[in-house]
$ cat work08.pdb   # PDB, C-alpha atoms, pLDDT in the B column
ATOM      1  CA  MET A  12     210.350  20.881 -58.913  1.00 47.00           C
ATOM      2  CA  ASN A  13     211.234  22.299 -62.279  1.00 55.00           C
ATOM      3  CA  LYS A  14     209.288  25.189 -63.787  1.00 59.00           C
ATOM      4  CA  GLN A  15     207.559  23.182 -66.590  1.00 58.00           C
ATOM      5  CA  LEU A  16     206.279  20.479 -64.237  1.00 50.00           C
ATOM      6  CA  PHE A  17     205.067  23.116 -61.795  1.00 52.00           C
ATOM      7  CA  GLY A  18     203.248  24.855 -64.637  1.00 56.00           C
ATOM      8  CA  LEU A  19     201.477  21.649 -65.696  1.00 52.00           C
ATOM      9  CA  VAL A  20     200.407  20.841 -62.136  1.00 54.00           C
ATOM     10  CA  PHE A  21     199.193  24.397 -61.643  1.00 54.00           C
ATOM     11  CA  LEU A  22     197.272  24.309 -64.914  1.00 51.00           C
ATOM     12  CA  ALA A  23     195.578  21.031 -64.000  1.00 53.00           C
ATOM     13  CA  ALA A  24     194.582  22.367 -60.564  1.00 54.00           C
ATOM     14  CA  ALA A  25     193.226  25.574 -62.054  1.00 52.00           C
ATOM     15  CA  LEU A  26     191.182  23.703 -64.655  1.00 51.00           C
ATOM     16  CA  ALA A  27     189.735  21.403 -62.009  1.00 53.00           C
ATOM     17  CA  CYS A  28     188.575  24.396 -59.975  1.00 54.00           C
ATOM     18  CA  GLY A  29     187.117  26.239 -62.909  1.00 53.00           C
ATOM     19  CA  LYS A  30     189.516  29.215 -62.655  1.00 48.00           C
ATOM     20  CA  PRO A  31     191.304  30.468 -65.719  1.00 52.00           C
ATOM     21  CA  ALA A  32     194.872  29.266 -65.826  1.00 49.00           C
ATOM     22  CA  GLU A  33     197.658  31.797 -65.741  1.00 54.00           C
ATOM     23  CA  ASP A  34     201.040  31.213 -67.290  1.00 55.00           C
ATOM     24  CA  PRO A  35     203.527  30.543 -64.436  1.00 54.00           C
ATOM     25  CA  SER A  36     206.405  31.826 -66.573  1.00 55.00           C
ATOM     26  CA  ASN A  37     204.769  35.257 -66.725  1.00 53.00           C
ATOM     27  CA  GLU A  38     206.879  37.770 -64.809  1.00 52.00           C
ATOM     28  CA  ASN A  39     203.826  39.191 -63.035  1.00 53.00           C
ATOM     29  CA  ASN A  40     202.915  35.826 -61.564  1.00 50.00           C
ATOM     30  CA  ALA A  41     206.216  34.174 -60.719  1.00 47.00           C
ATOM     31  CA  ASP A  42     209.187  35.145 -58.578  1.00 47.00           C
ATOM     32  CA  SER A  43     211.594  36.668 -61.065  1.00 46.00           C
ATOM     33  CA  GLY A  44     214.490  36.767 -58.598  1.00 48.00           C
ATOM     34  CA  THR A  45     214.435  40.568 -58.252  1.00 50.00           C
ATOM     35  CA  GLY A  46     213.178  40.460 -54.714  1.00 50.00           C
ATOM     36  CA  SER A  47     209.578  41.357 -55.538  1.00 50.00           C
ATOM     37  CA  VAL A  48     207.021  38.732 -54.682  1.00 53.00           C
ATOM     38  CA  ASP A  49     203.516  38.627 -56.058  1.00 55.00           C
ATOM     39  CA  ASN A  50     201.242  38.056 -53.072  1.00 54.00           C
ATOM     40  CA  THR A  51     198.196  37.179 -55.189  1.00 57.00           C
ATOM     41  CA  ASP A  52     196.659  33.995 -53.826  1.00 56.00           C
ATOM     42  CA  THR A  53     196.487  31.517 -56.708  1.00 56.00           C
ATOM     43  CA  THR A  54     195.796  28.402 -54.678  1.00 54.00           C
ATOM     44  CA  PRO A  55     192.572  26.622 -55.402  1.00 53.00           C
ATOM     45  CA  THR A  56     189.791  27.329 -52.947  1.00 52.00           C
ATOM     46  CA  ALA A  57     188.281  24.546 -50.893  1.00 50.00           C
ATOM     47  CA  THR A  58     184.751  25.597 -51.805  1.00 51.00           C
ATOM     48  CA  ALA A  59     185.075  24.703 -55.470  1.00 50.00           C
ATOM     49  CA  THR A  60     183.584  21.293 -56.157  1.00 52.00           C
ATOM     50  CA  ALA A  61     183.763  19.243 -59.275  1.00 54.00           C
ATOM     51  CA  THR A  62     180.397  18.189 -60.567  1.00 57.00           C
ATOM     52  CA  THR A  63     179.765  15.304 -62.862  1.00 59.00           C
ATOM     53  CA  PRO A  64     177.071  15.805 -65.445  1.00 58.00           C
ATOM     54  CA  LYS A  65     173.892  13.919 -64.729  1.00 57.00           C
ATOM     55  CA  PRO A  66     172.634  11.588 -67.422  1.00 57.00           C
ATOM     56  CA  PRO A  67     169.567  12.912 -69.221  1.00 56.00           C
ATOM     57  CA  ALA A  68     166.303  11.922 -67.643  1.00 54.00           C
ATOM     58  CA  THR A  69     164.773   9.000 -69.420  1.00 53.00           C
ATOM     59  CA  VAL A  70     161.093   8.852 -70.088  1.00 50.00           C
ATOM     60  CA  GLU A  71     159.750   5.392 -69.601  1.00 55.00           C
ATOM     61  CA  ASP A  72     158.346   4.289 -72.914  1.00 53.00           C
ATOM     62  CA  ASN A  73     155.520   1.793 -72.547  1.00 54.00           C
ATOM     63  CA  THR A  74     155.158   1.164 -76.248  1.00 52.00           C
ATOM     64  CA  PRO A  75     156.241  -2.292 -77.332  1.00 55.00           C
ATOM     65  CA  LYS A  76     159.608  -2.463 -79.039  1.00 68.00           C
ATOM     66  CA  VAL A  77     159.371  -3.364 -82.699  1.00 72.00           C
ATOM     67  CA  PRO A  78     162.229  -4.868 -84.699  1.00 81.00           C
ATOM     68  CA  TYR A  79     161.547  -2.685 -87.748  1.00 87.00           C
ATOM     69  CA  ASP A  80     161.756   1.047 -88.477  1.00 92.00           C
ATOM     70  CA  LYS A  81     158.242   1.930 -87.369  1.00 93.00           C
ATOM     71  CA  GLU A  82     158.197   5.339 -89.051  1.00 94.00           C
ATOM     72  CA  SER A  83     159.148   3.924 -92.470  1.00 95.00           C
ATOM     73  CA  VAL A  84     156.697   1.030 -92.197  1.00 95.00           C
ATOM     74  CA  ASP A  85     153.917   3.423 -91.138  1.00 96.00           C
ATOM     75  CA  ILE A  86     154.599   5.540 -94.238  1.00 96.00           C
ATOM     76  CA  SER A  87     154.198   2.471 -96.459  1.00 97.00           C
ATOM     77  CA  LEU A  88     151.048   1.361 -94.616  1.00 97.00           C
ATOM     78  CA  ASN A  89     149.527   4.847 -94.917  1.00 97.00           C
ATOM     79  CA  ARG A  90     150.272   4.859 -98.633  1.00 96.00           C
ATOM     80  CA  ALA A  91     148.441   1.533 -99.025  1.00 97.00           C
ATOM     81  CA  THR A  92     145.560   2.897 -96.936  1.00 96.00           C
ATOM     82  CA  ARG A  93     145.181   5.824 -99.353  1.00 96.00           C
ATOM     83  CA  GLN A  94     145.133   3.381-102.281  1.00 95.00           C
ATOM     84  CA  VAL A  95     142.348   1.428-100.586  1.00 95.00           C
ATOM     85  CA  LYS A  96     140.347   4.567 -99.878  1.00 94.00           C
ATOM     86  CA  ASP A  97     140.787   5.922-103.415  1.00 93.00           C
ATOM     87  CA  ASN A  98     140.222   2.695-105.375  1.00 93.00           C
ATOM     88  CA  CYS A  99     138.684  -0.241-103.537  1.00 93.00           C
ATOM     89  CA  GLY A 100     135.212   1.196-102.910  1.00 91.00           C
ATOM     90  CA  ALA A 101     134.490   1.267-106.644  1.00 92.00           C
ATOM     91  CA  VAL A 102     135.463  -2.361-107.388  1.00 91.00           C
ATOM     92  CA  LYS A 103     132.899  -4.107-109.581  1.00 88.00           C
ATOM     93  CA  ASP A 104     131.836  -7.723-109.326  1.00 83.00           C
ATOM     94  CA  ASP A 105     131.597 -10.232-112.213  1.00 83.00           C
ATOM     95  CA  GLN A 106     128.313  -8.673-113.420  1.00 86.00           C
ATOM     96  CA  GLY A 107     129.847  -5.163-113.476  1.00 86.00           C
ATOM     97  CA  LYS A 108     128.025  -3.938-110.376  1.00 88.00           C
ATOM     98  CA  VAL A 109     129.573  -2.083-107.457  1.00 90.00           C
ATOM     99  CA  ASN A 110     128.233  -3.889-104.412  1.00 87.00           C
ATOM    100  CA  GLY A 111     130.828  -3.567-101.643  1.00 88.00           C
ATOM    101  CA  PRO A 112     131.232  -4.416 -98.861  1.00 92.00           C
ATOM    102  CA  TRP A 113     132.091  -1.009 -97.442  1.00 93.00           C
ATOM    103  CA  GLY A 114     133.124   0.173 -94.019  1.00 95.00           C
ATOM    104  CA  LYS A 115     135.998  -0.334 -91.622  1.00 95.00           C
ATOM    105  CA  THR A 116     138.107  -3.454 -91.331  1.00 95.00           C
ATOM    106  CA  THR A 117     141.493  -4.569 -90.075  1.00 96.00           C
ATOM    107  CA  VAL A 118     144.178  -5.885 -92.394  1.00 97.00           C
ATOM    108  CA  THR A 119     146.837  -8.206 -90.970  1.00 97.00           C
ATOM    109  CA  VAL A 120     150.029  -7.550 -92.930  1.00 97.00           C
ATOM    110  CA  LYS A 121     153.028  -9.861 -92.752  1.00 96.00           C
ATOM    111  CA  LEU A 122     156.233  -7.790 -92.842  1.00 96.00           C
ATOM    112  CA  GLY A 123     159.201  -9.656 -94.243  1.00 94.00           C
ATOM    113  CA  HIS A 124     162.570  -8.854 -92.703  1.00 93.00           C
ATOM    114  CA  ASN A 125     163.921  -8.341 -96.245  1.00 95.00           C
ATOM    115  CA  GLY A 126     161.960  -5.076 -96.629  1.00 95.00           C
ATOM    116  CA  HIS A 127     158.963  -6.429 -98.558  1.00 96.00           C
ATOM    117  CA  SER A 128     155.548  -7.390 -97.213  1.00 95.00           C
ATOM    118  CA  THR A 129     154.761 -11.032 -97.857  1.00 90.00           C
ATOM    119  CA  GLY A 130     151.002 -11.113 -97.533  1.00 90.00           C
ATOM    120  CA  ALA A 131     147.853  -9.577 -96.127  1.00 95.00           C
ATOM    121  CA  THR A 132     144.741 -11.214 -94.692  1.00 95.00           C
ATOM    122  CA  LEU A 133     141.233  -9.934 -94.069  1.00 95.00           C
ATOM    123  CA  LYS A 134     138.243 -11.162 -92.114  1.00 92.00           C
ATOM    124  CA  ALA A 135     134.650 -11.500 -93.326  1.00 90.00           C
ATOM    125  CA  PRO A 136     132.797  -9.829 -94.952  1.00 93.00           C
ATOM    126  CA  PHE A 137     135.774  -8.542 -96.993  1.00 93.00           C
ATOM    127  CA  ASP A 138     137.655 -11.831 -97.391  1.00 92.00           C
ATOM    128  CA  GLY A 139     137.043 -13.433-100.783  1.00 89.00           C
ATOM    129  CA  THR A 140     135.343 -10.414-102.375  1.00 91.00           C
ATOM    130  CA  GLY A 141     136.536  -8.093-105.104  1.00 92.00           C
ATOM    131  CA  VAL A 142     137.003  -5.355-102.496  1.00 94.00           C
ATOM    132  CA  GLY A 143     139.038  -7.793-100.384  1.00 94.00           C
ATOM    133  CA  ARG A 144     141.290  -8.620-103.329  1.00 94.00           C
ATOM    134  CA  CYS A 145     141.792  -4.902-103.949  1.00 94.00           C
ATOM    135  CA  ILE A 146     142.803  -4.394-100.298  1.00 96.00           C
ATOM    136  CA  ASN A 147     145.173  -7.378-100.455  1.00 95.00           C
ATOM    137  CA  ASN A 148     146.805  -5.985-103.602  1.00 95.00           C
ATOM    138  CA  ALA A 149     147.390  -2.640-101.891  1.00 96.00           C
ATOM    139  CA  PHE A 150     149.144  -4.265 -98.892  1.00 96.00           C
ATOM    140  CA  ASN A 151     150.922  -7.193-100.584  1.00 93.00           C
ATOM    141  CA  ASN A 152     153.761  -5.253-102.177  1.00 87.00           C
ATOM    142  CA  LEU A 153     154.876  -2.762 -99.542  1.00 95.00           C
ATOM    143  CA  ILE A 154     158.532  -1.733 -99.523  1.00 95.00           C
ATOM    144  CA  TYR A 155     160.338  -0.467 -96.401  1.00 96.00           C
ATOM    145  CA  PRO A 156     163.866  -0.715 -94.940  1.00 95.00           C
ATOM    146  CA  PRO A 157     164.962  -4.303 -94.158  1.00 94.00           C
ATOM    147  CA  PHE A 158     165.324  -5.224 -90.498  1.00 94.00           C
ATOM    148  CA  ALA A 159     167.121  -7.849 -88.458  1.00 92.00           C
ATOM    149  CA  GLY A 160     165.188 -10.715 -86.950  1.00 88.00           C
ATOM    150  CA  ALA A 161     162.218 -12.740 -87.989  1.00 92.00           C
ATOM    151  CA  ASP A 162     159.258 -11.668 -90.091  1.00 93.00           C
ATOM    152  CA  THR A 163     156.485 -10.029 -88.084  1.00 94.00           C
ATOM    153  CA  THR A 164     152.808  -9.144 -88.499  1.00 95.00           C
ATOM    154  CA  VAL A 165     151.025  -5.831 -88.094  1.00 96.00           C
ATOM    155  CA  ASP A 166     147.299  -5.167 -87.761  1.00 96.00           C
ATOM    156  CA  TRP A 167     146.255  -2.042 -89.653  1.00 97.00           C
ATOM    157  CA  ASP A 168     142.839  -0.387 -89.818  1.00 96.00           C
ATOM    158  CA  VAL A 169     141.418   0.659 -93.190  1.00 96.00           C
ATOM    159  CA  GLU A 170     138.122   2.079 -94.381  1.00 94.00           C
ATOM    160  CA  VAL A 171     136.463   1.346 -97.692  1.00 94.00           C
ATOM    161  CA  SER A 172     133.970   3.994 -98.780  1.00 90.00           C
ATOM    162  CA  HIS A 173     131.480   3.983-101.614  1.00 83.00           C
TER     163      HIS A 173
END

$ encode --input "work08.pdb" --output "structure tokens"
Amino acid sequence: MNKQLFGLVFLAAALACGKPAEDPSNENNADSGTGSVDNTDTTPTATATATTPKPPATVEDNTPKVPYDKESVDISLNRATRQVKDNCGAVKDDQGKVNGPWGKTTVTVKLGHNGHSTGATLKAPFDGTGVGRCINNAFNNLIYPPFAGADTTVDWDVEVSH
């Protein structure tokens, strides 16, 4: 076996065992032909074992998978919620009176896959009122990153205060 091939084999064996590789052409490690022999044992030990890294432990996520970037959509929904809280409680009717309704409700927002919401619906007593129109306006024009797949709906809780 020539010296270069022996060196490569030795290097591979040393790396597999985790020992630092020594240069076989080094005069201290190889037989230089002068009659002195280095008796240092450089053979790999049988106790060294190669370990394969374990994959990271996965935490089972029980939340439903959504086709959109949930964090970005939540930011847009929270922004609309602040608009509702800041503005919709003071909406006046046709006679110029502030008469509500106030309280908590759920808005169903249709998220278009193109990155724009395409509508919002409310249940009574908010549906059809000035406050309801204000809520719809806040949720009708949301912008978020586009996503693959079909349009989807999200239910979102809001509170209208006086």

$ atom_distance --input "work08.pdb" --atom1 "CA of His127 in chain A" --atom2 "CA of Asp104 in chain A"
29.2 Å

$ closest_residue --input "work08.pdb" --among "A:Ala91, A:Val77, A:Val84, A:Leu122" --to "Thr163 in chain A" --atoms "all atoms listed in the file"
A:Leu122

$ atom_distance --input "work08.pdb" --atom1 "CA of Thr164 in chain A" --atom2 "CA of Asn147 in chain A"
14.3 Å

$ resolve_selection --input "work08.pdb" --expression "the PyMOL selection byres ((chain A and resi 102) around 12)" --output "PDB file with C-alpha atoms, keeping the file's coordinate frame"
ATOM      1  CA  VAL A  95     142.348   1.428-100.586  1.00 95.00           C
ATOM      2  CA  LYS A  96     140.347   4.567 -99.878  1.00 94.00           C
ATOM      3  CA  ASP A  97     140.787   5.922-103.415  1.00 93.00           C
ATOM      4  CA  ASN A  98     140.222   2.695-105.375  1.00 93.00           C
ATOM      5  CA  CYS A  99     138.684  -0.241-103.537  1.00 93.00           C
ATOM      6  CA  GLY A 100     135.212   1.196-102.910  1.00 91.00           C
ATOM      7  CA  ALA A 101     134.490   1.267-106.644  1.00 92.00           C
ATOM      8  CA  LYS A 103     132.899  -4.107-109.581  1.00 88.00           C
ATOM      9  CA  ASP A 104     131.836  -7.723-109.326  1.00 83.00           C
ATOM     10  CA  ASP A 105     131.597 -10.232-112.213  1.00 83.00           C
ATOM     11  CA  GLN A 106     128.313  -8.673-113.420  1.00 86.00           C
ATOM     12  CA  GLY A 107     129.847  -5.163-113.476  1.00 86.00           C
ATOM     13  CA  LYS A 108     128.025  -3.938-110.376  1.00 88.00           C
ATOM     14  CA  VAL A 109     129.573  -2.083-107.457  1.00 90.00           C
ATOM     15  CA  ASN A 110     128.233  -3.889-104.412  1.00 87.00           C
ATOM     16  CA  GLY A 111     130.828  -3.567-101.643  1.00 88.00           C
ATOM     17  CA  PRO A 112     131.232  -4.416 -98.861  1.00 92.00           C
ATOM     18  CA  TRP A 113     132.091  -1.009 -97.442  1.00 93.00           C
ATOM     19  CA  THR A 140     135.343 -10.414-102.375  1.00 91.00           C
ATOM     20  CA  GLY A 141     136.536  -8.093-105.104  1.00 92.00           C
ATOM     21  CA  VAL A 142     137.003  -5.355-102.496  1.00 94.00           C
ATOM     22  CA  GLY A 143     139.038  -7.793-100.384  1.00 94.00           C
ATOM     23  CA  ARG A 144     141.290  -8.620-103.329  1.00 94.00           C
ATOM     24  CA  CYS A 145     141.792  -4.902-103.949  1.00 94.00           C
ATOM     25  CA  ILE A 146     142.803  -4.394-100.298  1.00 96.00           C
ATOM     26  CA  VAL A 171     136.463   1.346 -97.692  1.00 94.00           C
ATOM     27  CA  SER A 172     133.970   3.994 -98.780  1.00 90.00           C
ATOM     28  CA  HIS A 173     131.480   3.983-101.614  1.00 83.00           C
TER      29      HIS A 173
END

$ atom_distance --input "work08.pdb" --atom1 "CA of Asp166 in chain A" --atom2 "CA of Leu88 in chain A"
10.2 Å

$ closest_residue --input "work08.pdb" --among "A:Lys115, A:Arg93, A:Asp80, A:Val120" --to "Pro136 in chain A" --atoms "only C-alpha atoms"
A:Lys115

$ resolve_selection --input "work08.pdb" --expression "the PyMOL selection byres ((chain A and resi 152) around 8)" --output "PyMOL selection string"
chain A and resi 127-130+148-151+153-154

$ write_last_selection --input "work08.pdb" --atoms "C-alpha atoms" --output "PDB file, in the frame of the given file"
ATOM      1  CA  HIS A 127     158.963  -6.429 -98.558  1.00 96.00           C
ATOM      2  CA  SER A 128     155.548  -7.390 -97.213  1.00 95.00           C
ATOM      3  CA  THR A 129     154.761 -11.032 -97.857  1.00 90.00           C
ATOM      4  CA  GLY A 130     151.002 -11.113 -97.533  1.00 90.00           C
ATOM      5  CA  ASN A 148     146.805  -5.985-103.602  1.00 95.00           C
ATOM      6  CA  ALA A 149     147.390  -2.640-101.891  1.00 96.00           C
ATOM      7  CA  PHE A 150     149.144  -4.265 -98.892  1.00 96.00           C
ATOM      8  CA  ASN A 151     150.922  -7.193-100.584  1.00 93.00           C
ATOM      9  CA  LEU A 153     154.876  -2.762 -99.542  1.00 95.00           C
ATOM     10  CA  ILE A 154     158.532  -1.733 -99.523  1.00 95.00           C
TER      11      ILE A 154
END

$ residues_near_point --input "work08.pdb" --point "(139.7, -3.0, -86.3)" --cutoff "9 Å" --atoms "only C-alpha atoms" --output "count of residues only"
8
